[in-house]
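Coordinates as given in target_21.pdb (PDB, C-alpha atoms, pLDDT in the B column):
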ATOM      1  CA  MET A 107     -12.500 -22.278   6.919  1.00 48.00           C
ATOM      2  CA  PRO A 108      -9.778 -20.990   9.306  1.00 49.00           C
ATOM      3  CA  MET A 109      -6.975 -19.004   7.685  1.00 64.00           C
ATOM      4  CA  PRO A 110      -3.616 -20.773   7.931  1.00 72.00           C
ATOM      5  CA  GLN A 111      -1.002 -18.773   9.799  1.00 86.00           C
ATOM      6  CA  LEU A 112       2.714 -19.454   9.660  1.00 90.00           C
ATOM      7  CA  SER A 113       5.663 -18.012  11.516  1.00 92.00           C
ATOM      8  CA  ILE A 114       8.941 -18.086   9.627  1.00 95.00           C
ATOM      9  CA  GLN A 115      12.368 -17.022  10.828  1.00 95.00           C
ATOM     10  CA  SER A 116      14.464 -16.234   7.762  1.00 97.00           C
ATOM     11  CA  ILE A 117      18.067 -17.368   7.609  1.00 97.00           C
ATOM     12  CA  HIS A 118      18.735 -14.660   5.009  1.00 97.00           C
ATOM     13  CA  THR A 119      17.263 -11.603   6.754  1.00 97.00           C
ATOM     14  CA  LYS A 120      17.470 -12.832  10.373  1.00 95.00           C
ATOM     15  CA  THR A 121      13.884 -11.614  10.775  1.00 95.00           C
ATOM     16  CA  ASP A 122      10.678 -13.263  12.015  1.00 95.00           C
ATOM     17  CA  TYR A 123       7.667 -12.967   9.693  1.00 97.00           C
ATOM     18  CA  ASP A 124       3.988 -13.614  10.327  1.00 96.00           C
ATOM     19  CA  ILE A 125       2.526 -15.228   7.210  1.00 97.00           C
ATOM     20  CA  GLU A 126      -1.232 -15.354   6.636  1.00 97.00           C
ATOM     21  CA  VAL A 127      -2.694 -17.508   3.881  1.00 97.00           C
ATOM     22  CA  TYR A 128      -6.121 -17.587   2.305  1.00 97.00           C
ATOM     23  CA  ILE A 129      -7.136 -20.749   0.422  1.00 96.00           C
ATOM     24  CA  PRO A 130     -10.299 -20.675  -1.747  1.00 96.00           C
ATOM     25  CA  ASP A 131     -12.975 -23.122  -0.684  1.00 93.00           C
ATOM     26  CA  THR A 132     -13.635 -24.292  -4.223  1.00 94.00           C
ATOM     27  CA  GLU A 133     -12.425 -26.818  -6.763  1.00 94.00           C
ATOM     28  CA  VAL A 134      -8.718 -26.572  -7.457  1.00 96.00           C
ATOM     29  CA  PRO A 135      -7.870 -25.695 -11.084  1.00 95.00           C
ATOM     30  CA  GLU A 136      -5.861 -28.257 -13.049  1.00 95.00           C
ATOM     31  CA  ASN A 137      -2.597 -26.326 -12.589  1.00 95.00           C
ATOM     32  CA  GLY A 138      -3.393 -24.903  -9.169  1.00 97.00           C
ATOM     33  CA  PHE A 139      -4.623 -21.506  -7.999  1.00 98.00           C
ATOM     34  CA  PRO A 140      -2.937 -18.233  -8.911  1.00 98.00           C
ATOM     35  CA  VAL A 141      -1.041 -16.888  -5.904  1.00 98.00           C
ATOM     36  CA  HIS A 142      -0.867 -13.255  -4.785  1.00 98.00           C
ATOM     37  CA  TYR A 143       1.945 -12.244  -2.411  1.00 98.00           C
ATOM     38  CA  ILE A 144       1.011  -9.135  -0.394  1.00 98.00           C
ATOM     39  CA  LEU A 145       3.665  -7.020   1.350  1.00 98.00           C
ATOM     40  CA  ASP A 146       2.775  -5.335   4.653  1.00 98.00           C
ATOM     41  CA  GLY A 147       0.522  -8.279   5.373  1.00 97.00           C
ATOM     42  CA  LEU A 148      -0.251  -6.969   8.862  1.00 95.00           C
ATOM     43  CA  THR A 149      -2.307  -4.135   7.345  1.00 96.00           C
ATOM     44  CA  HIS A 150      -3.026  -5.138   3.735  1.00 98.00           C
ATOM     45  CA  PHE A 151      -3.628  -8.890   3.664  1.00 97.00           C
ATOM     46  CA  GLY A 152      -7.259  -8.542   4.757  1.00 97.00           C
ATOM     47  CA  PHE A 153      -8.169  -6.228   1.878  1.00 97.00           C
ATOM     48  CA  ALA A 154      -6.911  -8.637  -0.783  1.00 97.00           C
ATOM     49  CA  ARG A 155      -8.296 -11.717   0.967  1.00 97.00           C
ATOM     50  CA  ASP A 156     -11.790 -10.288   1.320  1.00 97.00           C
ATOM     51  CA  ILE A 157     -11.924  -9.112  -2.285  1.00 97.00           C
ATOM     52  CA  VAL A 158     -10.822 -12.480  -3.646  1.00 97.00           C
ATOM     53  CA  LYS A 159     -13.137 -14.336  -1.279  1.00 96.00           C
ATOM     54  CA  GLY A 160     -16.145 -12.116  -1.858  1.00 95.00           C
ATOM     55  CA  GLN A 161     -15.910 -11.514  -5.590  1.00 96.00           C
ATOM     56  CA  SER A 162     -14.580 -14.789  -6.996  1.00 94.00           C
ATOM     57  CA  PHE A 163     -17.984 -16.464  -6.607  1.00 90.00           C
ATOM     58  CA  SER A 164     -19.243 -14.354  -9.533  1.00 90.00           C
ATOM     59  CA  PHE A 165     -16.265 -14.279 -11.890  1.00 88.00           C
ATOM     60  CA  GLU A 166     -18.468 -13.538 -14.906  1.00 88.00           C
ATOM     61  CA  LYS A 167     -19.565 -10.292 -13.213  1.00 93.00           C
ATOM     62  CA  THR A 168     -16.506  -9.277 -11.189  1.00 94.00           C
ATOM     63  CA  GLY A 169     -13.623 -10.610 -13.262  1.00 93.00           C
ATOM     64  CA  VAL A 170     -12.010 -11.956 -10.066  1.00 96.00           C
ATOM     65  CA  ARG A 171     -10.737 -15.543 -10.088  1.00 96.00           C
ATOM     66  CA  PRO A 172     -10.255 -17.730  -7.012  1.00 97.00           C
ATOM     67  CA  ALA A 173      -6.674 -17.420  -5.807  1.00 97.00           C
ATOM     68  CA  VAL A 174      -4.372 -18.147  -2.907  1.00 98.00           C
ATOM     69  CA  VAL A 175      -3.468 -14.936  -1.060  1.00 98.00           C
ATOM     70  CA  VAL A 176      -0.299 -14.778   1.027  1.00 98.00           C
ATOM     71  CA  GLY A 177       0.304 -11.883   3.414  1.00 98.00           C
ATOM     72  CA  ILE A 178       3.925 -11.252   4.408  1.00 98.00           C
ATOM     73  CA  GLY A 179       3.936  -9.383   7.710  1.00 97.00           C
ATOM     74  CA  HIS A 180       6.589  -7.955   9.999  1.00 95.00           C
ATOM     75  CA  LYS A 181       6.051  -7.844  13.734  1.00 92.00           C
ATOM     76  CA  ALA A 182       4.068  -4.695  14.560  1.00 91.00           C
ATOM     77  CA  ALA A 183       6.691  -3.250  16.915  1.00 91.00           C
ATOM     78  CA  GLU A 184       9.462  -3.361  14.314  1.00 92.00           C
ATOM     79  CA  MET A 185       7.494  -2.904  11.116  1.00 94.00           C
ATOM     80  CA  GLY A 186       8.545   0.694  10.387  1.00 92.00           C
ATOM     81  CA  LEU A 187      12.297   0.203  10.531  1.00 93.00           C
ATOM     82  CA  LYS A 188      12.180  -3.257   8.934  1.00 95.00           C
ATOM     83  CA  ARG A 189      10.367  -1.833   5.909  1.00 96.00           C
ATOM     84  CA  MET A 190      13.125   0.758   5.434  1.00 95.00           C
ATOM     85  CA  LYS A 191      15.738  -1.946   5.701  1.00 97.00           C
ATOM     86  CA  GLU A 192      14.182  -4.717   3.623  1.00 98.00           C
ATOM     87  CA  PHE A 193      12.129  -2.937   0.970  1.00 98.00           C
ATOM     88  CA  THR A 194      14.996  -0.760  -0.336  1.00 98.00           C
ATOM     89  CA  GLY A 195      17.750  -1.617  -2.785  1.00 98.00           C
ATOM     90  CA  PRO A 196      21.473  -1.804  -2.018  1.00 96.00           C
ATOM     91  CA  ALA A 197      23.256   1.550  -2.363  1.00 95.00           C
ATOM     92  CA  ASP A 198      26.637   3.025  -1.491  1.00 93.00           C
ATOM     93  CA  HIS A 199      25.081   6.079   0.130  1.00 91.00           C
ATOM     94  CA  LEU A 200      21.687   7.402   1.170  1.00 93.00           C
ATOM     95  CA  GLU A 201      20.230  10.698  -0.080  1.00 93.00           C
ATOM     96  CA  LEU A 202      16.952  11.730   1.539  1.00 91.00           C
ATOM     97  CA  PRO A 203      14.712  14.754   0.866  1.00 89.00           C
ATOM     98  CA  GLU A 204      14.894  17.661   3.302  1.00 87.00           C
ATOM     99  CA  ARG A 205      11.282  17.072   4.327  1.00 88.00           C
ATOM    100  CA  THR A 206      12.338  13.770   5.943  1.00 85.00           C
ATOM    101  CA  LEU A 207      15.064  15.279   8.133  1.00 78.00           C
ATOM    102  CA  GLY A 208      14.611  14.264  11.755  1.00 79.00           C
ATOM    103  CA  LYS A 209      12.117  11.544  10.891  1.00 84.00           C
ATOM    104  CA  PHE A 210      14.628   8.701  10.617  1.00 84.00           C
ATOM    105  CA  PRO A 211      17.433   7.642  12.990  1.00 85.00           C
ATOM    106  CA  ASP A 212      20.990   8.580  12.035  1.00 82.00           C
ATOM    107  CA  ASP A 213      21.951   4.907  11.942  1.00 87.00           C
ATOM    108  CA  LEU A 214      19.011   3.917   9.716  1.00 90.00           C
ATOM    109  CA  GLU A 215      19.576   0.526   8.092  1.00 94.00           C
ATOM    110  CA  TYR A 216      18.590   0.222   4.453  1.00 96.00           C
ATOM    111  CA  GLY A 217      19.404  -1.601   1.226  1.00 97.00           C
ATOM    112  CA  HIS A 218      18.517  -5.213   2.047  1.00 98.00           C
ATOM    113  CA  ALA A 219      16.006  -5.778  -0.751  1.00 98.00           C
ATOM    114  CA  ASP A 220      18.184  -8.530  -2.198  1.00 98.00           C
ATOM    115  CA  LYS A 221      18.099 -10.479   1.077  1.00 98.00           C
ATOM    116  CA  PHE A 222      14.368  -9.951   1.521  1.00 98.00           C
ATOM    117  CA  LEU A 223      13.644 -11.142  -1.999  1.00 98.00           C
ATOM    118  CA  THR A 224      15.873 -14.175  -1.409  1.00 98.00           C
ATOM    119  CA  PHE A 225      13.746 -14.945   1.657  1.00 98.00           C
ATOM    120  CA  ILE A 226      10.587 -14.814  -0.480  1.00 98.00           C
ATOM    121  CA  GLN A 227      12.042 -16.831  -3.340  1.00 98.00           C
ATOM    122  CA  GLU A 228      14.053 -19.471  -1.466  1.00 98.00           C
ATOM    123  CA  GLU A 229      12.280 -19.795   1.875  1.00 98.00           C
ATOM    124  CA  LEU A 230       8.662 -18.619   1.651  1.00 98.00           C
ATOM    125  CA  LYS A 231       7.684 -19.762  -1.840  1.00 98.00           C
ATOM    126  CA  PRO A 232       8.837 -23.374  -1.348  1.00 97.00           C
ATOM    127  CA  ILE A 233       6.730 -23.617   1.819  1.00 97.00           C
ATOM    128  CA  ILE A 234       3.655 -22.176   0.079  1.00 97.00           C
ATOM    129  CA  GLU A 235       4.135 -24.417  -2.964  1.00 97.00           C
ATOM    130  CA  GLU A 236       4.525 -27.526  -0.789  1.00 96.00           C
ATOM    131  CA  LYS A 237       1.537 -26.839   1.451  1.00 95.00           C
ATOM    132  CA  TYR A 238      -0.981 -25.337  -0.973  1.00 96.00           C
ATOM    133  CA  PRO A 239      -2.129 -25.986  -4.578  1.00 96.00           C
ATOM    134  CA  VAL A 240      -0.655 -22.950  -6.362  1.00 97.00           C
ATOM    135  CA  HIS A 241       0.204 -22.314 -10.000  1.00 97.00           C
ATOM    136  CA  THR A 242       3.898 -21.436 -10.045  1.00 96.00           C
ATOM    137  CA  ASN A 243       3.543 -19.567 -13.339  1.00 96.00           C
ATOM    138  CA  GLU A 244       0.738 -17.323 -12.055  1.00 97.00           C
ATOM    139  CA  GLN A 245       2.420 -15.400  -9.265  1.00 98.00           C
ATOM    140  CA  SER A 246       1.866 -11.754  -8.378  1.00 98.00           C
ATOM    141  CA  ILE A 247       3.539  -9.422  -5.897  1.00 98.00           C
ATOM    142  CA  ILE A 248       1.714  -6.402  -4.460  1.00 98.00           C
ATOM    143  CA  GLY A 249       3.315  -3.561  -2.511  1.00 98.00           C
ATOM    144  CA  HIS A 250       2.454  -0.052  -1.295  1.00 98.00           C
ATOM    145  CA  SER A 251       4.765   2.924  -0.701  1.00 98.00           C
ATOM    146  CA  LEU A 252       8.235   1.469  -0.013  1.00 98.00           C
ATOM    147  CA  GLY A 253       6.578  -1.858  -0.799  1.00 98.00           C
ATOM    148  CA  GLY A 254       5.666  -0.369  -4.178  1.00 98.00           C
ATOM    149  CA  TYR A 255       9.314   0.580  -4.649  1.00 98.00           C
ATOM    150  CA  PHE A 256      10.252  -3.010  -3.784  1.00 98.00           C
ATOM    151  CA  THR A 257       7.913  -4.627  -6.313  1.00 98.00           C
ATOM    152  CA  LEU A 258       9.480  -2.544  -9.094  1.00 98.00           C
ATOM    153  CA  TRP A 259      12.962  -3.293  -7.769  1.00 98.00           C
ATOM    154  CA  CYS A 260      12.040  -6.988  -8.119  1.00 98.00           C
ATOM    155  CA  LEU A 261      10.910  -6.424 -11.702  1.00 97.00           C
ATOM    156  CA  PHE A 262      14.154  -4.672 -12.610  1.00 97.00           C
ATOM    157  CA  HIS A 263      16.476  -7.198 -10.995  1.00 96.00           C
ATOM    158  CA  HIS A 264      14.625 -10.547 -11.042  1.00 95.00           C
ATOM    159  CA  GLN A 265      11.787 -10.242 -13.511  1.00 94.00           C
ATOM    160  CA  ASP A 266      11.420 -14.024 -13.771  1.00 95.00           C
ATOM    161  CA  TYR A 267      10.353 -14.388 -10.104  1.00 97.00           C
ATOM    162  CA  PHE A 268       6.774 -13.175 -10.685  1.00 98.00           C
ATOM    163  CA  GLN A 269       4.477 -12.735 -13.646  1.00 97.00           C
ATOM    164  CA  LYS A 270       2.597  -9.648 -12.374  1.00 98.00           C
ATOM    165  CA  TYR A 271       4.015  -6.676 -10.488  1.00 98.00           C
ATOM    166  CA  ILE A 272       1.739  -4.303  -8.573  1.00 98.00           C
ATOM    167  CA  SER A 273       3.129  -0.994  -7.277  1.00 98.00           C
ATOM    168  CA  ILE A 274       0.774   1.268  -5.323  1.00 98.00           C
ATOM    169  CA  SER A 275       2.099   4.741  -4.458  1.00 98.00           C
ATOM    170  CA  PRO A 276       5.720   3.729  -5.101  1.00 98.00           C
ATOM    171  CA  SER A 277       8.307   5.670  -3.090  1.00 98.00           C
ATOM    172  CA  VAL A 278      10.051   7.169  -6.107  1.00 98.00           C
ATOM    173  CA  TRP A 279      11.514   9.788  -3.734  1.00 97.00           C
ATOM    174  CA  TRP A 280      13.695   7.235  -1.956  1.00 97.00           C
ATOM    175  CA  ASN A 281      17.462   7.806  -2.200  1.00 97.00           C
ATOM    176  CA  GLY A 282      17.569  10.626  -4.716  1.00 96.00           C
ATOM    177  CA  LYS A 283      14.841   9.081  -6.893  1.00 97.00           C
ATOM    178  CA  GLU A 284      17.103   6.162  -7.727  1.00 97.00           C
ATOM    179  CA  LEU A 285      14.065   4.187  -8.894  1.00 98.00           C
ATOM    180  CA  LEU A 286      13.894   6.378 -12.012  1.00 98.00           C
ATOM    181  CA  GLN A 287      17.466   5.517 -12.944  1.00 97.00           C
ATOM    182  CA  MET A 288      16.786   1.833 -12.330  1.00 97.00           C
ATOM    183  CA  THR A 289      13.768   2.096 -14.622  1.00 97.00           C
ATOM    184  CA  LYS A 290      15.836   3.679 -17.401  1.00 97.00           C
ATOM    185  CA  GLU A 291      18.563   1.047 -17.121  1.00 96.00           C
ATOM    186  CA  PHE A 292      16.055  -1.790 -17.134  1.00 96.00           C
ATOM    187  CA  LEU A 293      14.218  -0.478 -20.187  1.00 96.00           C
ATOM    188  CA  GLU A 294      17.399   0.317 -22.100  1.00 94.00           C
ATOM    189  CA  GLN A 295      18.299  -3.357 -21.866  1.00 91.00           C
ATOM    190  CA  SER A 296      15.244  -3.975 -24.075  1.00 78.00           C
ATOM    191  CA  PRO A 297      13.672  -6.769 -22.002  1.00 79.00           C
ATOM    192  CA  THR A 298      12.455  -9.476 -24.355  1.00 76.00           C
ATOM    193  CA  GLU A 299       9.401 -10.307 -22.247  1.00 87.00           C
ATOM    194  CA  GLN A 300       6.961  -7.726 -20.947  1.00 93.00           C
ATOM    195  CA  LYS A 301       5.603  -8.562 -17.536  1.00 96.00           C
ATOM    196  CA  GLU A 302       2.202  -7.267 -16.464  1.00 97.00           C
ATOM    197  CA  VAL A 303       2.718  -4.095 -14.425  1.00 98.00           C
ATOM    198  CA  PHE A 304       0.144  -2.021 -12.540  1.00 98.00           C
ATOM    199  CA  ILE A 305       1.065   1.338 -10.989  1.00 98.00           C
ATOM    200  CA  SER A 306      -1.385   3.429  -9.002  1.00 98.00           C
ATOM    201  CA  VAL A 307      -1.371   6.536  -6.827  1.00 98.00           C
ATOM    202  CA  GLY A 308      -3.935   8.588  -4.933  1.00 98.00           C
ATOM    203  CA  GLU A 309      -4.987  11.908  -6.447  1.00 98.00           C
ATOM    204  CA  LYS A 310      -4.159  13.717  -3.186  1.00 98.00           C
ATOM    205  CA  GLU A 311      -0.661  12.305  -2.735  1.00 98.00           C
ATOM    206  CA  ASP A 312       0.929  15.585  -3.785  1.00 96.00           C
ATOM    207  CA  PHE A 313       4.466  15.119  -5.160  1.00 97.00           C
ATOM    208  CA  MET A 314       3.956  11.360  -5.447  1.00 98.00           C
ATOM    209  CA  VAL A 315       1.467  11.920  -8.261  1.00 98.00           C
ATOM    210  CA  ASP A 316       4.086  13.765 -10.319  1.00 98.00           C
ATOM    211  CA  ASP A 317       6.697  11.127  -9.429  1.00 98.00           C
ATOM    212  CA  SER A 318       4.425   8.324 -10.573  1.00 98.00           C
ATOM    213  CA  LYS A 319       3.657  10.109 -13.836  1.00 98.00           C
ATOM    214  CA  GLU A 320       7.373  10.498 -14.516  1.00 98.00           C
ATOM    215  CA  LEU A 321       7.877   6.820 -13.768  1.00 98.00           C
ATOM    216  CA  VAL A 322       5.047   5.693 -16.048  1.00 98.00           C
ATOM    217  CA  SER A 323       6.230   7.967 -18.861  1.00 98.00           C
ATOM    218  CA  LEU A 324       9.577   6.169 -18.861  1.00 97.00           C
ATOM    219  CA  PHE A 325       7.804   2.871 -19.484  1.00 97.00           C
ATOM    220  CA  SER A 326       5.603   4.434 -22.170  1.00 96.00           C
ATOM    221  CA  ASN A 327       8.566   6.004 -23.970  1.00 94.00           C
ATOM    222  CA  HIS A 328      10.104   2.545 -24.284  1.00 93.00           C
ATOM    223  CA  HIS A 329       6.806   0.977 -25.447  1.00 93.00           C
ATOM    224  CA  TYR A 330       6.516  -1.064 -22.257  1.00 95.00           C
ATOM    225  CA  THR A 331       2.842  -1.376 -21.359  1.00 95.00           C
ATOM    226  CA  VAL A 332       1.850  -0.343 -17.835  1.00 97.00           C
ATOM    227  CA  ASP A 333      -1.670  -0.151 -16.418  1.00 98.00           C
ATOM    228  CA  TYR A 334      -1.770   3.216 -14.596  1.00 98.00           C
ATOM    229  CA  TYR A 335      -4.535   4.520 -12.347  1.00 98.00           C
ATOM    230  CA  ILE A 336      -4.897   7.712 -10.309  1.00 98.00           C
ATOM    231  CA  ALA A 337      -7.468   7.129  -7.575  1.00 98.00           C
ATOM    232  CA  PRO A 338      -9.755  10.178  -7.254  1.00 98.00           C
ATOM    233  CA  GLU A 339      -9.770  11.954  -3.863  1.00 98.00           C
ATOM    234  CA  GLU A 340      -7.495   9.346  -2.235  1.00 98.00           C
ATOM    235  CA  ASN A 341      -4.373  10.035  -0.162  1.00 98.00           C
ATOM    236  CA  HIS A 342      -1.389   7.917   0.855  1.00 98.00           C
ATOM    237  CA  GLY A 343      -3.251   6.317   3.744  1.00 97.00           C
ATOM    238  CA  SER A 344      -6.525   5.647   1.951  1.00 98.00           C
ATOM    239  CA  VAL A 345      -5.378   4.521  -1.479  1.00 98.00           C
ATOM    240  CA  VAL A 346      -4.761   0.822  -0.783  1.00 98.00           C
ATOM    241  CA  PRO A 347      -8.302  -0.261   0.185  1.00 97.00           C
ATOM    242  CA  THR A 348      -9.653   1.950  -2.584  1.00 96.00           C
ATOM    243  CA  VAL A 349      -7.640   0.433  -5.434  1.00 98.00           C
ATOM    244  CA  MET A 350      -7.301  -3.165  -4.217  1.00 98.00           C
ATOM    245  CA  SER A 351     -10.402  -4.385  -6.056  1.00 97.00           C
ATOM    246  CA  ARG A 352      -9.030  -2.891  -9.281  1.00 97.00           C
ATOM    247  CA  VAL A 353      -5.664  -4.544  -8.556  1.00 98.00           C
ATOM    248  CA  ILE A 354      -7.221  -7.968  -8.060  1.00 98.00           C
ATOM    249  CA  ARG A 355      -9.210  -7.636 -11.285  1.00 97.00           C
ATOM    250  CA  PHE A 356      -6.010  -6.688 -13.102  1.00 97.00           C
ATOM    251  CA  ILE A 357      -4.230  -9.742 -11.721  1.00 96.00           C
ATOM    252  CA  SER A 358      -7.162 -11.999 -12.628  1.00 95.00           C
ATOM    253  CA  LYS A 359      -7.099 -11.144 -16.335  1.00 88.00           C
TER     254      LYS A 359
END
For the structure just supplied, provide its representation as structure tokens.
Amino acid sequence: MPMPQLSIQSIHTKTDYDIEVYIPDTEVPENGFPVHYILDGLTHFGFARDIVKGQSFSFEKTGVRPAVVVGIGHKAAEMGLKRMKEFTGPADHLELPERTLGKFPDDLEYGHADKFLTFIQEELKPIIEEKYPVHTNEQSIIGHSLGGYFTLWCLFHHQDYFQKYISISPSVWWNGKELLQMTKEFLEQSPTEQKEVFISVGEKEDFMVDDSKELVSLFSNHHYTVDYYIAPEENHGSVVPTVMSRVIRFISK
């Protein structure tokens, strides 16, 4: 079965997105298929699609259910700068670590996570829900690096948009580690409903391992359950394909 491909120009972000969709070739559940939204679809959609497609035939062995997979991709030529702009939360100023000096342009745009999430919620989701048989109460969002930052930003600001939040190698370092403060503020509000949260990092991701541990400890200290996994021998570039099968099993529970 050919994979549907959509091109969407967002009125909220003024950006063109390439959307790839996988639809299981099996009987549709009574309430529709779970739906997994994958950030950085250009590079990560294929991993999730192949795992769902290949493992869902033997659910009793793999624990993977059939699901619709939606990859949200930027155009390759603008992907780097668009991620900085759209995956990061609004802020009055930008504080970056010394190790990043010279790596980003002086006029770097950032802080448009609210607009990007509005695109997903008000433009993309309605199209997916109209075209494909999805369960609107079984929605997951998966992101890596700045995408992992974004999935947690979504949890903290709009926790009712998804039921499961997957953050792989979250960029805790971004803007003076503001994600830690967001986590504290979110947890101190004593959220009445605990969403399902998965956080992972590669063993060889240096400072990001310590950052992720600090992040997870905040959740633990507030009795908020998080599934946490350190992938042995993996680095920032290799961690996504390594942990994706574990992620999909987590989502399928």
Specify as number ranges by chain each residue included when the PyMOL selection byres ((chain A and resi 176) around 8) is applied to this file. A: 125-128, 141-144, 147, 151, 174-175, 177-178
Shell of 12 Å around A:Phe313, only C-alpha atoms, local chain residues under 2 positions omitted, as a VMD selection string: chain A and resid 203 205 275 to 279 307 to 311 315 to 320 341 to 342
Which residues are close to stretch 290-296 of chain A, i.e. within 7 Å by only C-alpha atoms, leaving aside same-chain residues fewer than 3 positions away? Reply as a list in words.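 Listing them by chain and then by number gives Phe262, Leu286, Gln287, Leu324 and His328 of chain A.
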Please, could you write that set of residues out with C-alpha atoms as a PDB file, keeping the file's coordinate frame?
ATOM      1  CA  PHE A 262      14.154  -4.672 -12.610  1.00 97.00           C
ATOM      2  CA  LEU A 286      13.894   6.378 -12.012  1.00 98.00           C
ATOM      3  CA  GLN A 287      17.466   5.517 -12.944  1.00 97.00           C
ATOM      4  CA  LEU A 324       9.577   6.169 -18.861  1.00 97.00           C
ATOM      5  CA  HIS A 328      10.104   2.545 -24.284  1.00 93.00           C
TER       6      HIS A 328
END
Starting from the PyMOL selection byres ((chain A and resi 213) around 12), expand the selection into actual residues of this file and give them as a VMD selection string. chain A and resid 187 190 to 191 200 208 to 212 214 to 216
For A:Thr257, the nearest of the candidates A:Asp312, A:Leu145, A:Ser162, A:Leu230, counting all atoms listed in the file: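 Answer, going by the shortest atom-to-atom distance: A:Leu145.
As for atom CA of A:Pro130 and atom CA of A:Gly152, they are spaced 14.1 Å apart.
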Correct to one decimal, the distance atom CA of A:Lys120-atom CA of A:Arg189 is 13.8 Å
Take stretch 278-293 of chain A, model N, CA and C atoms, and hand the result over as a CSV table (one decimal), in the frame of the given file.
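Resulting contents of result29.csv:
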chain,number,residue,atom,x,y,z
A,278,VAL,N,9.1,6.7,-5.1
A,278,VAL,CA,10.1,7.2,-6.1
A,278,VAL,C,11.1,8.1,-5.5
A,279,TRP,N,10.7,8.8,-4.4
A,279,TRP,CA,11.5,9.8,-3.7
A,279,TRP,C,12.7,9.2,-3.0
A,280,TRP,N,12.7,7.9,-2.8
A,280,TRP,CA,13.7,7.2,-2.0
A,280,TRP,C,15.1,7.4,-2.6
A,281,ASN,N,16.0,7.8,-1.8
A,281,ASN,CA,17.5,7.8,-2.2
A,281,ASN,C,17.7,8.5,-3.5
A,282,GLY,N,17.3,9.8,-3.5
A,282,GLY,CA,17.6,10.6,-4.7
A,282,GLY,C,16.8,10.2,-6.0
A,283,LYS,N,15.7,9.6,-5.8
A,283,LYS,CA,14.8,9.1,-6.9
A,283,LYS,C,15.6,8.0,-7.7
A,284,GLU,N,16.3,7.2,-7.0
A,284,GLU,CA,17.1,6.2,-7.7
A,284,GLU,C,16.2,5.2,-8.5
A,285,LEU,N,15.0,5.1,-8.2
A,285,LEU,CA,14.1,4.2,-8.9
A,285,LEU,C,13.9,4.6,-10.4
A,286,LEU,N,14.0,5.9,-10.6
A,286,LEU,CA,13.9,6.4,-12.0
A,286,LEU,C,15.1,5.9,-12.8
A,287,GLN,N,16.3,6.0,-12.2
A,287,GLN,CA,17.5,5.5,-12.9
A,287,GLN,C,17.4,4.0,-13.2
A,288,MET,N,16.9,3.3,-12.2
A,288,MET,CA,16.8,1.8,-12.3
A,288,MET,C,15.8,1.5,-13.5
A,289,THR,N,14.7,2.3,-13.6
A,289,THR,CA,13.8,2.1,-14.6
A,289,THR,C,14.4,2.3,-16.0
A,290,LYS,N,15.2,3.4,-16.1
A,290,LYS,CA,15.8,3.7,-17.4
A,290,LYS,C,16.8,2.5,-17.8
A,291,GLU,N,17.6,2.1,-16.8
A,291,GLU,CA,18.6,1.0,-17.1
A,291,GLU,C,17.9,-0.3,-17.5
A,292,PHE,N,16.8,-0.6,-16.8
A,292,PHE,CA,16.1,-1.8,-17.1
A,292,PHE,C,15.5,-1.7,-18.5
A,293,LEU,N,14.9,-0.6,-18.9
A,293,LEU,CA,14.2,-0.5,-20.2
A,293,LEU,C,15.2,-0.4,-21.3
